[in-house]
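Data first, discussion second: the structure below is written as structure tokens.
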Amino acid sequence: MTSLASALLHVLRTPRSRDGVVCLLCVGILYVPTFVDLHNGLWRDAAHSHGPVMVTAALWLFWKRLKDAPLILTRSASENELGWVLFFGGCCIYALGRSQSFSFLEVLAAAPISAGAITLLYGFSGLNKAKFAIFFLFFLLPFPGTLIDIVTQPLKVAVSIAAEEVLYSFGYPVSRAGVILGIGQYQLLVADACAGINSLFLLEAFGLLYLNVVRHESVLRNVIIALLIFPISFVSNTIRVVVLALISFHIGDSAAQGFLHDFSGILLFLTALLLVVAVDALIRIIGQYARHHPRMPT
Amino acid sequence: MKAWATSLGFIFCTALALAMSVEFKPAVVREVKERPNILVQIPSEFGKWKEERSSLVQVPMTADGGLQQQLRSTYDEVVERVYGDGTQKIMLSIAYIHSQKQDDKIHRPEVCYRAQGFKIEFTEPHQFVRNAADVRTMRLMGRRMLATSGDRQEVVSYWIRVGGVFSTNAVVTRARIFLDGLRGQTPDGIVVRASQLVPSRLTDEEMEKAFEVQEQFLGELIVESTSEIGDVLAASSERVASGGGMAQ
């Protein structure tokens, strides 16, 4: 106990680590209420239910990136200026968002606040290390519903069309009007639970996280996979809708409802993750093949 | 002192952010608790129109297909009725938010219709005329639109009121709520929508006539309702005076 106390005392006596503790406390005071509010509000909504996972992932990323970074004792003038401008500016954006219950701004402010704090504590080299973590905060942003609808609408329509085509080619009695899929006597709405931005976001985020953890050297490969996440999301959503339609048709509506709530999200996620890893492996194999066989034999 | 400068800087910024968050917070106003359900007062009979039990399926007021849960969480009150005058039927949908905040904004009917697989053939601003004062002050601005889905075709007239302002543009509405909020006000918000199923082959003349019937229908609804309801649906002149100017 005494050793813990003395360790704490030591931290508090060392100027920069003391600043770090104060900074953590300050950010906590700002953002714990934000996340509690989101937890009681927006995150209950299916379109934003990925929030808690994203926060955890972001915190883990910050910790992973900064745990070995050295605190800097003296800052250059530019580090000082940029750090304070970012931190102060972020606090102002936070206040605007918090006072107007505009959680988009409130969460957005986390990016300049963390970037500023990191610059002040770790300098530009720390900022450079943490840049992916800061970028990752983007996935935490609660985009307004109308915007989400605009972005996901084409995806929903595309998924509906694809699901209709697949089912039709297997001889099922399907019909489609917009995003409403009819199979036999049942109607499915390809909207809320299916093909939402939550899945797209979650997939994109974890796709990037996967790439970042695996740490590919090749920029090209990273870009290819990041872009492929959109078609992958499309494919896995279509699979999910088709499975849902088949369950409705063969077993019944209540079974489909149960599946929808319990399992279809996991199915979607697993399919997508498998596809990401498979595509990644495929690209790696092709890359190795190209290296070992630089030229086609003539 | 210099050793503490950074810590003090963090503390200062945080304290400032907290102070501003509290200072700019709009008072949660409106008599929400006193008038929990004001829309039930909307008359079921007015002019030649009478509420009908009907099996017409209405396009929901939210983009996710109107699962009741989201409908309830987005709006404080929702009314969906079908009125008829013996020859034709008009669907009336009204959704009311007692105090608008950024996170639960009214959904524009264009978004809801598109979400249901409708194609918006056109949507154009329209000034609804209730009386001469409306013409003079450019009030009661809304939109007329035509939406089709397969062989289902609907003509739709609607307006959105946020506080004292009629909004025909989502960005303007959002900015309005934001500026009002900074001045400590949370306006109420309502979307009033009349829609009608029409045959898929429709001449321009017939369409114009359908829009006019809707306009009369909505006008009568306001005039025949109590002044309290009329104020909620389409804003009294006092509300407009206190609520500020006119959004484009």
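Naming scheme: A, B, ... for chains in displayed order of the structure tokens; residues 1 onward per chain; ligands 1 onward as shown.
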
(message) Residues of chain A within 7 Å of chain B, counting only C-alpha atoms - could you list those as a list in words?
(response)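 Going by the stated atoms only, the list reads Pro15, Asp19, Val22, Cys23, Cys26, Phe88, Cys91, Cys92, Tyr94, Ala95, Leu96, Arg98, Ser99, Gln100, Ser101, Phe102, Pro144, Gln153, Ala177, Gly178, Val179, Ala191 and Asp192 of chain A.
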
(request) For atom CA of Pro70 of chain A and atom CA of Phe139 of chain A, determine how far apart the two atoms are, in Å to one decimal place. (result)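 If I compute the distance from atom CA of Pro70 of chain A to atom CA of Phe139 of chain A, I get 27.4 Å.
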
(request) Take atom CA of Ala234 of chain B and atom CA of Arg176 of chain B and report the distance between them in Å, one decimal. (result)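 Separation of atom CA of Ala234 of chain B and atom CA of Arg176 of chain B: 17.5 Å.
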
(message) So the first atom is atom CA of Asn237 of chain A and the second is atom CA of Leu203 of chain A; what is the distance between them in Å, to one decimal place?
(response) 11.1 Å

(request) Name the residues in contact with Glu52 of chain B at a cut-off of 7 Å, using only C-alpha atoms, excluding same-chain residues fewer than 3 positions from it; report them as JSON, numbers by chain. (result) {"B": [82, 83, 84]}

Output all heavy atoms of each residue in that selection to a file, as a PDB file, in the first residue's frame.
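What ended up in selection.pdb:
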```pdb
ATOM      1  N   VAL B  82     -57.077   8.491 -41.820  1.00  0.00           N
ATOM      2  CA  VAL B  82     -57.583   8.588 -43.185  1.00  0.00           C
ATOM      3  C   VAL B  82     -58.922   9.310 -43.121  1.00  0.00           C
ATOM      4  O   VAL B  82     -59.784   8.962 -42.323  1.00  0.00           O
ATOM      5  CB  VAL B  82     -57.764   7.193 -43.811  1.00  0.00           C
ATOM      6  CG1 VAL B  82     -58.351   7.321 -45.204  1.00  0.00           C
ATOM      7  CG2 VAL B  82     -56.435   6.467 -43.851  1.00  0.00           C
ATOM      8  N   TYR B  83     -59.059  10.348 -43.920  1.00  0.00           N
ATOM      9  CA  TYR B  83     -60.318  11.091 -43.986  1.00  0.00           C
ATOM     10  C   TYR B  83     -60.931  10.882 -45.360  1.00  0.00           C
ATOM     11  O   TYR B  83     -60.225  10.732 -46.363  1.00  0.00           O
ATOM     12  CB  TYR B  83     -60.073  12.587 -43.774  1.00  0.00           C
ATOM     13  CG  TYR B  83     -59.730  12.956 -42.345  1.00  0.00           C
ATOM     14  CD1 TYR B  83     -58.411  12.910 -41.899  1.00  0.00           C
ATOM     15  CD2 TYR B  83     -60.733  13.347 -41.456  1.00  0.00           C
ATOM     16  CE1 TYR B  83     -58.097  13.245 -40.595  1.00  0.00           C
ATOM     17  CE2 TYR B  83     -60.422  13.681 -40.156  1.00  0.00           C
ATOM     18  CZ  TYR B  83     -59.104  13.634 -39.723  1.00  0.00           C
ATOM     19  OH  TYR B  83     -58.797  13.964 -38.438  1.00  0.00           O
ATOM     20  N   GLY B  84     -62.262  10.909 -45.391  1.00  0.00           N
ATOM     21  CA  GLY B  84     -62.945  10.771 -46.666  1.00  0.00           C
ATOM     22  C   GLY B  84     -64.118  11.728 -46.752  1.00  0.00           C
ATOM     23  O   GLY B  84     -64.640  12.191 -45.725  1.00  0.00           O
TER      24      GLY B  84
END
```

(request) Kindly indicate which residue among A:Ala5, A:Val277, A:Ala111, A:Leu86 lies nearest to Val214 of chain A, using only C-alpha atoms for the distances. (result)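 For Val214 of chain A, the nearest of the given residues is A:Val277.
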
(message) Excluding Leu141 of chain A and its own-chain neighbours fewer than 3 positions away, which residues fall within 7 Å of it when counting only C-alpha atoms? Please give them as a list in words.
(response)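 In the requested form, the answer reads Phe104, Val107, Leu108 and Phe138 of chain A.
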
(request) List every residue of segment 83-155 of chain A that DSSP, applied to the backbone of this structure, places in alpha helix (DSSP H), and write the result as a PyMOL selection string. (result) chain A and resi 83-99+103-108+110-129+131-136+145-155

Strand (DSSP E) per DSSP on the backbone: members of segment 70-269 of chain A, as a short mmCIF file (atom, residue, chain, number, x, y, z; two decimals) with all heavy atoms, in the first residue's frame:
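Generated file (states_36.cif):
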```cif
data_model
loop_
_atom_site.label_atom_id
_atom_site.label_comp_id
_atom_site.auth_asym_id
_atom_site.auth_seq_id
_atom_site.Cartn_x
_atom_site.Cartn_y
_atom_site.Cartn_z
N VAL A 174 -40.53 -14.61 -55.20
CA VAL A 174 -40.16 -13.34 -54.59
C VAL A 174 -40.68 -12.16 -55.40
O VAL A 174 -40.85 -12.24 -56.61
CB VAL A 174 -38.63 -13.16 -54.44
CG1 VAL A 174 -38.11 -13.99 -53.30
CG2 VAL A 174 -37.92 -13.47 -55.73
N SER A 175 -40.90 -11.09 -54.73
CA SER A 175 -41.24 -9.84 -55.40
C SER A 175 -40.61 -8.72 -54.59
O SER A 175 -40.29 -8.89 -53.42
CB SER A 175 -42.75 -9.65 -55.43
OG SER A 175 -43.24 -9.56 -54.10
N ARG A 176 -40.38 -7.61 -55.24
CA ARG A 176 -39.71 -6.53 -54.54
C ARG A 176 -40.33 -5.18 -54.92
O ARG A 176 -40.64 -4.95 -56.08
CB ARG A 176 -38.23 -6.51 -54.90
CG ARG A 176 -37.40 -5.49 -54.17
CD ARG A 176 -35.99 -5.51 -54.66
NE ARG A 176 -35.89 -5.14 -56.07
CZ ARG A 176 -35.85 -3.88 -56.50
NH1 ARG A 176 -35.87 -2.90 -55.64
NH2 ARG A 176 -35.77 -3.60 -57.78
N ALA A 177 -40.54 -4.35 -53.92
CA ALA A 177 -40.94 -2.97 -54.19
C ALA A 177 -40.01 -2.09 -53.38
O ALA A 177 -40.10 -2.04 -52.16
CB ALA A 177 -42.39 -2.74 -53.78
N ILE A 180 -38.68 -3.26 -49.92
CA ILE A 180 -39.56 -4.24 -49.29
C ILE A 180 -39.55 -5.51 -50.15
O ILE A 180 -39.85 -5.48 -51.33
CB ILE A 180 -40.99 -3.71 -49.15
CG1 ILE A 180 -40.97 -2.45 -48.29
CG2 ILE A 180 -41.89 -4.76 -48.52
CD1 ILE A 180 -42.26 -1.70 -48.27
N LEU A 181 -39.17 -6.61 -49.49
CA LEU A 181 -39.00 -7.87 -50.19
C LEU A 181 -40.15 -8.78 -49.80
O LEU A 181 -40.38 -9.01 -48.61
CB LEU A 181 -37.66 -8.48 -49.77
CG LEU A 181 -36.91 -9.34 -50.77
CD1 LEU A 181 -36.56 -8.55 -52.00
CD2 LEU A 181 -35.65 -9.86 -50.10
N GLY A 182 -40.89 -9.28 -50.79
CA GLY A 182 -41.96 -10.21 -50.48
C GLY A 182 -41.53 -11.62 -50.85
O GLY A 182 -41.01 -11.85 -51.94
N ILE A 183 -41.70 -12.58 -49.93
CA ILE A 183 -41.42 -13.97 -50.26
C ILE A 183 -42.58 -14.79 -49.74
O ILE A 183 -42.88 -14.77 -48.55
CB ILE A 183 -40.06 -14.44 -49.69
CG1 ILE A 183 -39.84 -15.92 -50.02
CG2 ILE A 183 -39.93 -14.18 -48.21
CD1 ILE A 183 -38.40 -16.34 -49.95
N TYR A 186 -44.89 -13.66 -46.86
CA TYR A 186 -44.20 -12.77 -45.92
C TYR A 186 -43.60 -11.54 -46.60
O TYR A 186 -43.29 -11.56 -47.78
CB TYR A 186 -43.08 -13.53 -45.20
CG TYR A 186 -43.57 -14.71 -44.43
CD1 TYR A 186 -43.36 -16.00 -44.88
CD2 TYR A 186 -44.28 -14.52 -43.24
CE1 TYR A 186 -43.84 -17.09 -44.19
CE2 TYR A 186 -44.76 -15.60 -42.53
CZ TYR A 186 -44.55 -16.89 -43.01
OH TYR A 186 -45.02 -17.95 -42.32
N GLN A 187 -43.43 -10.53 -45.82
CA GLN A 187 -42.78 -9.31 -46.31
C GLN A 187 -41.60 -8.97 -45.41
O GLN A 187 -41.70 -9.00 -44.20
CB GLN A 187 -43.77 -8.15 -46.28
CG GLN A 187 -44.70 -8.13 -47.46
CD GLN A 187 -45.19 -6.74 -47.75
OE1 GLN A 187 -45.39 -5.95 -46.83
NE2 GLN A 187 -45.37 -6.42 -49.01
N LEU A 188 -40.49 -8.67 -46.04
CA LEU A 188 -39.31 -8.29 -45.29
C LEU A 188 -38.96 -6.86 -45.65
O LEU A 188 -39.00 -6.48 -46.81
CB LEU A 188 -38.11 -9.14 -45.66
CG LEU A 188 -38.08 -10.59 -45.22
CD1 LEU A 188 -36.88 -11.26 -45.87
CD2 LEU A 188 -37.98 -10.65 -43.72
N LEU A 189 -38.61 -6.08 -44.66
CA LEU A 189 -38.20 -4.71 -44.93
C LEU A 189 -36.68 -4.65 -44.81
O LEU A 189 -36.13 -4.82 -43.74
CB LEU A 189 -38.85 -3.78 -43.92
CG LEU A 189 -38.68 -2.30 -44.19
CD1 LEU A 189 -39.51 -1.89 -45.38
CD2 LEU A 189 -39.09 -1.52 -42.97
#
```
